[in-house]
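Peer 1: Provided herewith: run-v6.cif, mmCIF, C-alpha atoms.
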data_query
loop_
_atom_site.label_atom_id
_atom_site.label_comp_id
_atom_site.auth_asym_id
_atom_site.auth_seq_id
_atom_site.Cartn_x
_atom_site.Cartn_y
_atom_site.Cartn_z
CA MET A 608 -68.07 43.68 65.40
CA LYS A 609 -65.99 40.87 66.88
CA GLU A 610 -66.49 38.73 63.76
CA GLN A 611 -64.97 41.41 61.57
CA VAL A 612 -61.91 41.61 63.79
CA VAL A 613 -61.47 37.83 63.67
CA ASP A 614 -61.79 37.86 59.85
CA LYS A 615 -59.12 40.56 59.53
CA GLU A 616 -56.77 38.56 61.76
CA ALA A 617 -57.35 35.42 59.64
CA GLU A 618 -56.68 37.39 56.46
CA SER A 619 -53.44 38.81 57.83
CA LYS A 620 -52.25 35.33 58.83
CA GLY A 621 -53.03 34.02 55.33
CA SER A 622 -51.07 36.81 53.67
CA GLU A 623 -47.90 36.17 55.66
CA LYS A 624 -44.93 34.90 53.72
CA PRO A 625 -44.39 31.17 54.34
CA ALA A 626 -41.19 30.17 56.09
CA PRO A 627 -38.42 29.14 53.67
CA ALA A 628 -37.87 25.39 53.58
CA PRO A 629 -34.91 23.82 51.76
CA PHE A 630 -35.83 21.56 48.84
CA THR A 631 -34.34 19.72 45.87
CA ILE A 632 -35.92 18.14 42.81
CA GLY A 633 -34.56 15.81 40.17
CA TYR A 634 -35.42 14.49 36.74
CA ASP A 635 -38.72 12.77 36.03
CA ARG A 636 -37.41 9.32 35.13
CA ARG A 637 -40.59 8.25 33.35
CA ASN A 638 -39.73 10.58 30.46
CA SER A 639 -36.20 9.30 30.03
CA GLU A 640 -36.24 5.55 30.57
CA ALA A 641 -37.69 4.80 27.13
CA ILE A 642 -35.12 7.02 25.40
CA VAL A 643 -32.05 5.71 27.22
CA TYR A 644 -32.95 2.03 27.48
CA GLY A 645 -34.48 1.93 23.99
CA CYS A 646 -31.36 3.45 22.43
CA MET A 647 -29.10 1.12 24.40
CA LEU A 648 -31.12 -1.87 23.18
CA LEU A 649 -31.09 -0.68 19.57
CA GLY A 650 -27.35 0.05 19.67
CA GLY A 651 -26.67 -3.35 21.22
CA LEU A 652 -28.83 -5.02 18.59
CA PHE A 653 -26.93 -3.31 15.76
CA ALA A 654 -23.59 -4.30 17.35
CA VAL A 655 -24.59 -7.96 17.77
CA VAL A 656 -25.96 -8.20 14.21
CA SER A 657 -22.79 -6.56 12.93
CA VAL A 658 -20.47 -9.03 14.67
CA VAL A 659 -22.59 -12.12 13.88
CA SER A 660 -23.08 -11.27 10.20
CA GLY A 661 -19.54 -10.00 9.68
CA MET A 662 -20.75 -6.64 8.37
CA TYR A 663 -18.56 -4.47 10.53
CA LEU A 664 -19.75 -1.26 8.88
CA LEU A 665 -23.01 -1.86 10.73
CA LEU A 666 -21.11 -0.96 13.92
CA PHE A 667 -21.29 2.66 12.77
CA ALA A 668 -25.09 2.36 12.85
CA ALA A 669 -24.79 1.31 16.51
CA LEU A 670 -22.94 4.53 17.31
CA GLY A 671 -26.01 6.75 16.77
CA PRO A 672 -28.24 5.12 19.40
CA ALA A 673 -25.26 4.73 21.76
CA VAL A 674 -24.49 8.46 21.58
CA ILE A 675 -28.15 9.35 22.17
CA ALA A 676 -28.28 7.05 25.22
CA TYR A 677 -25.04 8.57 26.56
CA TRP A 678 -26.36 12.13 26.04
CA HIS A 679 -29.58 11.41 27.97
CA PHE A 680 -27.98 9.26 30.70
CA PRO A 681 -28.09 11.96 33.45
CA MET A 682 -31.90 11.80 33.31
CA LEU A 683 -31.75 8.34 34.90
CA GLU A 684 -29.83 9.38 38.01
CA LYS A 685 -32.14 8.95 40.98
CA LYS A 686 -30.34 10.66 43.79
CA ARG A 687 -28.85 13.58 41.87
CA PRO A 688 -30.74 16.85 42.44
CA GLN A 689 -31.06 19.15 39.45
CA LEU A 690 -32.54 22.19 41.16
CA GLY A 691 -32.94 23.24 44.76
CA ALA A 692 -32.81 26.09 47.22
CA ASN A 693 -31.68 26.72 50.77
CA GLU A 694 -30.14 29.54 52.78
CA ASP A 695 -26.87 29.27 50.82
CA GLY A 696 -28.55 30.07 47.52
CA LEU A 697 -30.23 28.59 44.48
CA PHE A 698 -28.73 25.23 43.53
CA VAL A 699 -28.45 24.24 39.86
CA ASP A 700 -26.71 20.98 38.91
CA ARG A 701 -23.25 21.47 37.34
CA ILE A 702 -23.17 25.09 38.52
CA GLY A 703 -23.51 24.85 42.29
CA PHE A 704 -25.08 27.42 44.61
CA ILE A 705 -25.89 30.85 43.16
CA ASP A 706 -25.84 33.58 45.80
CA TRP A 707 -29.27 35.09 46.53
CA GLY A 708 -27.75 38.57 46.31
CA ALA A 709 -26.67 37.90 42.71
CA ILE A 710 -30.22 37.14 41.55
CA ARG A 711 -32.14 40.07 40.11
CA MET A 712 -35.25 38.28 38.85
CA ILE A 713 -36.84 34.82 38.86
CA ASP A 714 -39.85 33.96 36.70
CA LEU A 715 -41.44 31.20 34.63
CA THR A 716 -41.77 31.08 30.87
CA ARG A 717 -44.37 28.79 29.32
CA THR A 718 -44.27 27.71 25.69
CA SER A 719 -46.70 25.32 24.01
CA VAL A 720 -45.59 23.09 21.17
CA ARG A 721 -48.59 21.17 19.87
CA SER A 722 -49.93 19.47 23.01
CA ILE A 723 -46.70 19.72 25.03
CA GLU A 724 -46.15 22.55 27.49
CA LEU A 725 -42.49 23.50 27.95
CA ILE A 726 -41.78 25.43 31.15
CA LYS A 727 -38.53 27.21 31.99
CA LEU A 728 -37.37 28.90 35.17
CA ASN A 729 -35.51 32.07 34.17
CA VAL A 730 -32.95 33.41 36.62
CA LEU A 731 -31.53 36.83 35.72
CA LEU A 732 -28.22 37.57 37.44
CA THR A 733 -26.82 40.92 38.54
CA ARG A 734 -23.22 39.85 37.89
CA PRO A 735 -21.39 37.22 35.81
CA LEU A 736 -22.13 33.61 36.71
CA GLU A 737 -18.54 32.94 37.81
CA ASP A 738 -18.83 35.73 40.40
CA ALA A 739 -22.37 34.78 41.45
CA VAL A 740 -21.53 31.18 42.42
CA THR A 741 -20.77 30.82 46.13
CA GLN A 742 -20.16 27.05 46.18
CA GLY A 743 -19.17 25.57 42.84
CA GLN A 744 -19.92 21.98 41.97
CA HIS A 745 -17.35 19.56 40.59
CA THR A 746 -18.48 17.81 37.40
CA PRO A 747 -16.78 14.56 36.39
CA PHE A 748 -15.05 14.65 33.00
CA TRP A 749 -17.31 12.00 31.43
CA LYS A 750 -20.40 14.00 32.34
CA ARG A 751 -19.29 17.20 30.63
CA PHE A 752 -20.47 15.77 27.31
CA THR A 753 -23.94 14.76 28.47
CA MET A 754 -27.22 16.66 28.62
CA ARG A 755 -27.63 19.40 31.20
CA ASN A 756 -30.87 20.89 32.40
CA TRP A 757 -30.02 24.57 31.95
CA LYS A 758 -28.83 27.04 29.37
CA ARG A 759 -26.74 30.16 29.90
CA SER A 760 -27.22 33.23 27.71
CA LYS A 761 -26.11 36.85 27.65
CA ARG A 762 -28.82 39.50 27.63
CA GLU A 763 -28.62 42.70 25.62
CA HIS A 764 -27.97 44.76 28.75
CA GLY A 765 -24.91 42.69 29.68
CA ARG A 766 -26.50 40.51 32.36
CA GLU A 767 -26.59 36.73 32.23
CA LEU A 768 -29.75 34.64 32.14
CA ILE A 769 -29.86 31.05 33.34
CA SER A 770 -32.86 29.14 31.93
CA VAL A 771 -33.63 25.89 33.76
CA ASN A 772 -35.99 23.40 32.10
CA LEU A 773 -38.72 22.52 34.60
CA HIS A 774 -40.80 20.32 32.29
CA THR A 775 -38.20 17.55 32.61
CA LEU A 776 -38.19 17.69 36.41
CA VAL A 777 -40.48 16.17 39.05
CA GLY A 778 -42.75 18.69 40.69
CA ASP A 779 -45.20 21.43 39.87
CA PRO A 780 -43.40 24.43 38.31
CA ASP A 781 -45.60 26.98 40.09
CA GLU A 782 -44.88 25.33 43.44
CA VAL A 783 -41.15 25.31 42.67
CA LEU A 784 -41.27 29.05 41.91
CA THR A 785 -43.23 29.71 45.10
CA ARG A 786 -40.74 27.73 47.20
CA ILE A 787 -37.80 29.57 45.62
CA ARG A 788 -39.46 32.92 46.24
CA THR A 789 -39.78 32.15 49.95
CA PHE A 790 -36.00 32.56 50.08
CA LYS A 791 -35.86 35.65 47.86
CA PHE A 792 -38.90 37.30 46.38
CA VAL A 793 -37.84 38.87 43.09
#
Let me see the structure of the file written as C-alpha coordinates.
Peer 2:
Amino acid sequence: MKEQVVDKEAESKGSEKPAPAPFTIGYDRRNSEAIVYGCMLLGGLFAVVSVVSGMYLLLFAALGPAVIAYWHFPMLEKKRPQLGANEDGLFVDRIGFIDWGAIRMIDLTRTSVRSIELIKLNVLLTRPLEDAVTQGQHTPFWKRFTMRNWKRSKREHGRELISVNLHTLVGDPDEVLTRIRTFKFV
(Lines of atoms letter the chains of each structure in order from A and count residues from 1; the text may use other names and numbers.)
(Lines give C-alpha, C1' and ligand atoms only; values in the text may rest on other atoms or scores of the structure.)
Protein backbone atom coordinates (compact mmCIF):
# COMPACT_ATOMS: atom_id res chain seq x y z
CA MET A 1 0.00 0.00 0.00
CA LYS A 2 2.82 2.40 0.81
CA GLU A 3 4.50 1.71 -2.54
CA GLN A 4 1.40 2.83 -4.42
CA VAL A 5 1.30 6.08 -2.49
CA VAL A 6 4.97 6.75 -3.25
CA ASP A 7 4.39 6.03 -6.96
CA LYS A 8 1.46 8.47 -7.10
CA GLU A 9 3.59 11.16 -5.45
CA ALA A 10 6.40 10.57 -7.98
CA GLU A 11 3.92 10.77 -10.85
CA SER A 12 2.47 14.04 -9.58
CA LYS A 13 5.96 15.56 -9.27
CA GLY A 14 6.78 14.49 -12.84
CA SER A 15 3.62 16.09 -14.21
CA GLU A 16 4.30 19.48 -12.65
CA LYS A 17 5.01 22.32 -15.03
CA PRO A 18 8.74 23.15 -15.07
CA ALA A 19 9.74 26.57 -13.81
CA PRO A 20 10.16 29.13 -16.61
CA ALA A 21 13.80 29.91 -17.36
CA PRO A 22 14.83 32.76 -19.67
CA PHE A 23 16.69 31.69 -22.81
CA THR A 24 17.93 32.98 -26.16
CA ILE A 25 19.14 31.18 -29.28
CA GLY A 26 20.93 32.41 -32.37
CA TYR A 27 21.77 31.28 -35.88
CA ASP A 28 23.62 28.04 -36.54
CA ARG A 29 26.78 29.47 -38.09
CA ARG A 30 27.82 26.20 -39.72
CA ASN A 31 25.01 26.61 -42.27
CA SER A 32 25.92 30.14 -43.22
CA GLU A 33 29.70 30.40 -43.29
CA ALA A 34 30.03 28.65 -46.65
CA ILE A 35 27.38 30.87 -48.23
CA VAL A 36 28.70 34.19 -46.94
CA TYR A 37 32.43 33.57 -47.19
CA GLY A 38 32.12 31.69 -50.50
CA CYS A 39 30.14 34.52 -52.08
CA MET A 40 32.55 37.13 -50.73
CA LEU A 41 35.48 35.19 -52.21
CA LEU A 42 33.75 34.76 -55.57
CA GLY A 43 32.74 38.43 -55.70
CA GLY A 44 36.28 39.49 -54.79
CA LEU A 45 37.69 37.18 -57.44
CA PHE A 46 35.43 38.66 -60.12
CA ALA A 47 36.37 42.20 -59.03
CA VAL A 48 40.13 41.49 -59.12
CA VAL A 49 39.93 39.77 -62.53
CA SER A 50 37.86 42.68 -63.81
CA VAL A 51 40.38 45.32 -62.72
CA VAL A 52 43.47 43.34 -63.78
CA SER A 53 42.11 42.41 -67.22
CA GLY A 54 40.50 45.79 -67.86
CA MET A 55 37.08 44.23 -68.50
CA TYR A 56 35.10 46.49 -66.23
CA LEU A 57 31.78 44.93 -67.23
CA LEU A 58 32.91 41.93 -65.20
CA LEU A 59 32.36 44.09 -62.10
CA PHE A 60 28.64 43.57 -62.63
CA ALA A 61 29.25 39.82 -62.25
CA ALA A 62 30.82 40.56 -58.85
CA LEU A 63 27.62 42.27 -57.73
CA GLY A 64 25.60 39.03 -57.61
CA PRO A 65 27.78 37.20 -55.08
CA ALA A 66 28.29 40.43 -53.10
CA VAL A 67 24.52 40.94 -52.75
CA ILE A 68 24.03 37.31 -51.69
CA ALA A 69 26.78 37.65 -49.05
CA TYR A 70 25.22 40.90 -47.79
CA TRP A 71 21.74 39.31 -47.61
CA HIS A 72 23.00 36.36 -45.53
CA PHE A 73 25.41 38.37 -43.34
CA PRO A 74 23.17 38.37 -40.19
CA MET A 75 23.61 34.59 -40.00
CA LEU A 76 27.26 35.13 -39.01
CA GLU A 77 26.55 37.30 -35.96
CA LYS A 78 27.62 35.34 -32.90
CA LYS A 79 26.21 37.31 -30.03
CA ARG A 80 22.92 38.40 -31.58
CA PRO A 81 19.94 36.38 -30.33
CA GLN A 82 17.24 35.59 -32.87
CA LEU A 83 14.63 34.11 -30.56
CA GLY A 84 14.17 34.02 -26.82
CA ALA A 85 11.74 34.22 -23.96
CA ASN A 86 11.57 35.68 -20.48
CA GLU A 87 8.97 37.23 -18.19
CA ASP A 88 8.68 40.29 -20.47
CA GLY A 89 7.51 38.23 -23.43
CA LEU A 90 8.64 36.33 -26.50
CA PHE A 91 11.69 37.94 -28.11
CA VAL A 92 12.08 37.90 -31.90
CA ASP A 93 15.01 39.73 -33.52
CA ARG A 94 14.01 42.97 -35.31
CA ILE A 95 10.62 42.95 -33.57
CA GLY A 96 11.46 43.02 -29.87
CA PHE A 97 9.40 41.53 -27.04
CA ILE A 98 5.88 40.36 -27.84
CA ASP A 99 3.58 40.51 -24.81
CA TRP A 100 2.48 37.09 -23.54
CA GLY A 101 -1.11 38.35 -23.33
CA ALA A 102 -1.08 39.09 -27.08
CA ILE A 103 -0.22 35.49 -28.01
CA ARG A 104 -3.17 33.25 -28.77
CA MET A 105 -1.36 30.14 -30.01
CA ILE A 106 2.18 28.79 -30.41
CA ASP A 107 2.94 25.64 -32.39
CA LEU A 108 5.47 24.02 -34.71
CA THR A 109 5.04 23.30 -38.40
CA ARG A 110 7.27 20.71 -40.04
CA THR A 111 7.77 20.49 -43.80
CA SER A 112 10.06 18.06 -45.60
CA VAL A 113 11.74 19.00 -48.85
CA ARG A 114 13.67 16.02 -50.16
CA SER A 115 15.93 15.13 -47.21
CA ILE A 116 15.73 18.53 -45.49
CA GLU A 117 13.27 19.15 -42.67
CA LEU A 118 12.11 22.77 -42.41
CA ILE A 119 10.65 23.69 -39.02
CA LYS A 120 8.76 26.88 -38.22
CA LEU A 121 7.49 28.26 -34.93
CA ASN A 122 4.07 29.79 -35.58
CA VAL A 123 2.91 32.51 -33.20
CA LEU A 124 -0.70 33.61 -33.66
CA LEU A 125 -1.43 37.02 -32.17
CA THR A 126 -4.68 38.31 -30.68
CA ARG A 127 -4.01 41.88 -31.83
CA PRO A 128 -1.89 43.65 -34.47
CA LEU A 129 1.87 43.24 -34.09
CA GLU A 130 2.41 46.96 -33.45
CA ASP A 131 0.08 46.77 -30.43
CA ALA A 132 1.46 43.42 -29.22
CA VAL A 133 5.09 44.59 -28.92
CA THR A 134 5.95 45.75 -25.40
CA GLN A 135 9.62 46.61 -26.01
CA GLY A 136 10.49 47.33 -29.62
CA GLN A 137 13.95 46.73 -30.98
CA HIS A 138 15.92 49.30 -32.96
CA THR A 139 17.25 47.95 -36.27
CA PRO A 140 20.16 49.74 -37.95
CA PHE A 141 19.42 51.10 -41.42
CA TRP A 142 21.97 48.86 -43.18
CA LYS A 143 20.39 45.76 -41.67
CA ARG A 144 16.88 46.48 -42.95
CA PHE A 145 17.87 45.05 -46.33
CA THR A 146 19.32 41.80 -45.03
CA MET A 147 17.74 38.43 -44.27
CA ARG A 148 15.47 38.12 -41.26
CA ASN A 149 14.44 34.93 -39.53
CA TRP A 150 10.68 35.50 -39.47
CA LYS A 151 7.75 36.24 -41.72
CA ARG A 152 4.60 38.17 -40.90
CA SER A 153 1.28 37.28 -42.51
CA LYS A 154 -2.38 38.13 -42.10
CA ARG A 155 -4.78 35.27 -41.45
CA GLU A 156 -8.26 35.05 -42.93
CA HIS A 157 -9.86 35.89 -39.58
CA GLY A 158 -7.92 39.17 -39.28
CA ARG A 159 -5.25 38.00 -36.84
CA GLU A 160 -1.54 38.15 -37.57
CA LEU A 161 0.76 35.14 -37.70
CA ILE A 162 4.49 35.38 -37.08
CA SER A 163 6.40 32.38 -38.50
CA VAL A 164 9.95 32.01 -37.15
CA ASN A 165 12.33 29.66 -38.96
CA LEU A 166 13.80 27.27 -36.38
CA HIS A 167 15.77 25.10 -38.81
CA THR A 168 18.35 27.89 -39.18
CA LEU A 169 18.79 28.29 -35.42
CA VAL A 170 20.88 26.40 -32.87
CA GLY A 171 18.82 24.15 -30.63
CA ASP A 172 16.19 21.46 -30.78
CA PRO A 173 12.85 22.89 -32.00
CA ASP A 174 10.80 20.73 -29.63
CA GLU A 175 12.87 21.90 -26.67
CA VAL A 176 12.47 25.53 -27.79
CA LEU A 177 8.69 25.08 -27.92
CA THR A 178 8.67 23.43 -24.49
CA ARG A 179 10.74 26.24 -22.98
CA ILE A 180 8.47 28.88 -24.52
CA ARG A 181 5.39 27.08 -23.22
CA THR A 182 6.74 27.21 -19.66
CA PHE A 183 6.05 30.94 -19.82
CA LYS A 184 2.66 30.65 -21.53
CA PHE A 185 1.05 27.37 -22.43
CA VAL A 186 -1.09 27.97 -25.51
Peer 1: Give me, please, the distance in Å between CA of Ile726 in chain A and CA of Ser770 in chain A, quoted to one decimal.
Peer 2: 9.7 Å
Peer 1: Just to confirm, what's the straight-line distance from CA of Gly778 in chain A to CA of Leu715 in chain A in Å (one decimal)?
Peer 2: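 So the two atoms, CA of Gly778 in chain A and CA of Leu715 in chain A, lie 14.0 Å apart.
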Peer 1: Extract, using all atoms listed in the file, all DNA, RNA and protein residues at most 9 Å from Pro780 in chain A, discarding same-chain residues fewer than 5 positions from it, and format them as a PyMOL selection string.
Peer 2: chain A and resi 715+726-728+773-774+785
Peer 1: Near Leu731 in chain A, within 7 Å and counting only C-alpha atoms, which residues show up once chain neighbours fewer than 4 positions away are dropped, as a list in words?
Peer 2: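 Here the answer would be Ile710, Arg711, Met712, Ile713, Glu767, Leu768 and Ile769 of chain A.
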Peer 1: Please compute the CA of Ile642 in chain A-CA of Ser657 in chain A distance, one decimal, in Å.
Peer 2: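 CA of Ser657 in chain A lies at a distance of 22.2 Å from CA of Ile642 in chain A.
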Peer 1: Near range 750-766 of chain A, within 8 Å and counting all atoms listed in the file, which residues show up once chain neighbours fewer than 4 positions away are dropped, as a list in words?
Peer 2: Tyr677, Trp678, His679, Phe680, Pro681, Gln689, Asp700, Arg701, Leu731, Leu732, Thr733, Arg734, Pro735, Thr746, Ser770, Val771 and Asn772 of chain A
Peer 1: So which one's closest to Lys685 in chain A, A:Leu725, A:Ala626, A:Val740, A:Ile632? Using all atoms listed in the file, please.
Peer 2: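 Under the stated criterion, the closest residue is A:Ile632.
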Peer 1: Counting only C-alpha atoms, figure out which residue out of A:Gly650, A:Trp749, A:Thr775, A:Asn693 gets nearest to Ile723 in chain A.
Peer 2: A:Thr775
Peer 1: Of the candidates A:Leu697, A:Cys646, A:Val658, A:Ile705, which shows the shortest atom-to-atom distance to Leu670 in chain A, using all atoms listed in the file?
Peer 2: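 So, comparing all the options, the nearest one is A:Cys646.
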Peer 1: Quick check on the file I pasted: which residues fall under the PyMOL selection byres ((chain A and resi 667) around 12)? Write them as a ChimeraX atom specification.
Peer 2: /A:650-651,653-654,656-658,662-666,668-674
Peer 1: Output range 665-700 of chain A as a CSV table (one decimal), in the coordinates of the input, making sure N, CA and C atoms are there.
Peer 2:
chain,number,residue,atom,x,y,z
A,665,LEU,N,-21.8,-2.0,10.0
A,665,LEU,CA,-23.0,-1.9,10.7
A,665,LEU,C,-22.7,-1.4,12.2
A,666,LEU,N,-21.5,-1.5,12.6
A,666,LEU,CA,-21.1,-1.0,13.9
A,666,LEU,C,-21.3,0.6,14.0
A,667,PHE,N,-21.1,1.2,12.8
A,667,PHE,CA,-21.3,2.7,12.8
A,667,PHE,C,-22.8,3.0,13.0
A,668,ALA,N,-23.7,2.1,12.6
A,668,ALA,CA,-25.1,2.4,12.8
A,668,ALA,C,-25.4,2.2,14.3
A,669,ALA,N,-24.6,1.5,15.1
A,669,ALA,CA,-24.8,1.3,16.5
A,669,ALA,C,-24.3,2.6,17.3
A,670,LEU,N,-23.5,3.3,16.6
A,670,LEU,CA,-22.9,4.5,17.3
A,670,LEU,C,-24.0,5.6,17.6
A,671,GLY,N,-24.9,5.7,16.6
A,671,GLY,CA,-26.0,6.8,16.8
A,671,GLY,C,-26.8,6.5,18.0
A,672,PRO,N,-27.5,5.4,18.2
A,672,PRO,CA,-28.2,5.1,19.4
A,672,PRO,C,-27.4,5.2,20.7
A,673,ALA,N,-26.1,4.7,20.6
A,673,ALA,CA,-25.3,4.7,21.8
A,673,ALA,C,-25.0,6.2,22.2
A,674,VAL,N,-24.7,7.1,21.2
A,674,VAL,CA,-24.5,8.5,21.6
A,674,VAL,C,-25.7,9.1,22.2
A,675,ILE,N,-26.9,8.8,21.6
A,675,ILE,CA,-28.2,9.4,22.2
A,675,ILE,C,-28.4,8.9,23.6
A,676,ALA,N,-28.1,7.6,23.9
A,676,ALA,CA,-28.3,7.0,25.2
A,676,ALA,C,-27.3,7.7,26.2
A,677,TYR,N,-26.1,7.9,25.7
A,677,TYR,CA,-25.0,8.6,26.6
A,677,TYR,C,-25.4,10.0,26.9
A,678,TRP,N,-26.0,10.7,25.9
A,678,TRP,CA,-26.4,12.1,26.0
A,678,TRP,C,-27.5,12.3,27.1
A,679,HIS,N,-28.4,11.3,27.1
A,679,HIS,CA,-29.6,11.4,28.0
A,679,HIS,C,-29.4,10.7,29.3
A,680,PHE,N,-28.2,10.1,29.5
A,680,PHE,CA,-28.0,9.3,30.7
A,680,PHE,C,-28.2,10.0,32.0
A,681,PRO,N,-27.9,11.3,32.2
A,681,PRO,CA,-28.1,12.0,33.4
A,681,PRO,C,-29.6,12.0,33.9
A,682,MET,N,-30.5,11.8,32.9
A,682,MET,CA,-31.9,11.8,33.3
A,682,MET,C,-32.3,10.6,34.1
A,683,LEU,N,-31.4,9.6,34.1
A,683,LEU,CA,-31.8,8.3,34.9
A,683,LEU,C,-31.3,8.4,36.3
A,684,GLU,N,-30.4,9.3,36.7
A,684,GLU,CA,-29.8,9.4,38.0
A,684,GLU,C,-30.9,9.7,39.0
A,685,LYS,N,-31.1,8.8,40.0
A,685,LYS,CA,-32.1,9.0,41.0
A,685,LYS,C,-31.8,10.0,42.0
A,686,LYS,N,-30.7,9.9,42.6
A,686,LYS,CA,-30.3,10.7,43.8
A,686,LYS,C,-29.6,11.9,43.5
A,687,ARG,N,-29.6,12.4,42.3
A,687,ARG,CA,-28.8,13.6,41.9
A,687,ARG,C,-29.8,14.7,41.7
A,688,PRO,N,-29.8,15.7,42.6
A,688,PRO,CA,-30.7,16.8,42.4
A,688,PRO,C,-30.3,17.7,41.3
A,689,GLN,N,-31.3,18.3,40.6
A,689,GLN,CA,-31.1,19.2,39.4
A,689,GLN,C,-31.3,20.6,39.8
A,690,LEU,N,-32.2,20.8,40.8
A,690,LEU,CA,-32.5,22.2,41.2
A,690,LEU,C,-32.9,22.1,42.6
A,691,GLY,N,-32.6,23.2,43.4
A,691,GLY,CA,-32.9,23.2,44.8
A,691,GLY,C,-32.7,24.6,45.3
A,692,ALA,N,-33.0,24.8,46.6
A,692,ALA,CA,-32.8,26.1,47.2
A,692,ALA,C,-32.7,25.9,48.7
A,693,ASN,N,-31.8,26.6,49.3
A,693,ASN,CA,-31.7,26.7,50.8
A,693,ASN,C,-31.1,28.1,51.1
A,694,GLU,N,-30.7,28.2,52.3
A,694,GLU,CA,-30.1,29.5,52.8
A,694,GLU,C,-28.9,30.0,52.0
A,695,ASP,N,-28.1,29.0,51.5
A,695,ASP,CA,-26.9,29.3,50.8
A,695,ASP,C,-27.1,29.9,49.4
A,696,GLY,N,-28.3,29.6,48.8
A,696,GLY,CA,-28.6,30.1,47.5
A,696,GLY,C,-29.4,29.1,46.7
A,697,LEU,N,-29.5,29.4,45.4
A,697,LEU,CA,-30.2,28.6,44.5
A,697,LEU,C,-29.3,27.6,43.9
A,698,PHE,N,-29.6,26.3,44.0
A,698,PHE,CA,-28.7,25.2,43.5
A,698,PHE,C,-29.2,24.8,42.1
A,699,VAL,N,-28.2,24.8,41.2
A,699,VAL,CA,-28.4,24.2,39.9
A,699,VAL,C,-27.3,23.2,39.6
A,700,ASP,N,-27.7,22.0,39.2
A,700,ASP,CA,-26.7,21.0,38.9
A,700,ASP,C,-25.7,21.4,37.9
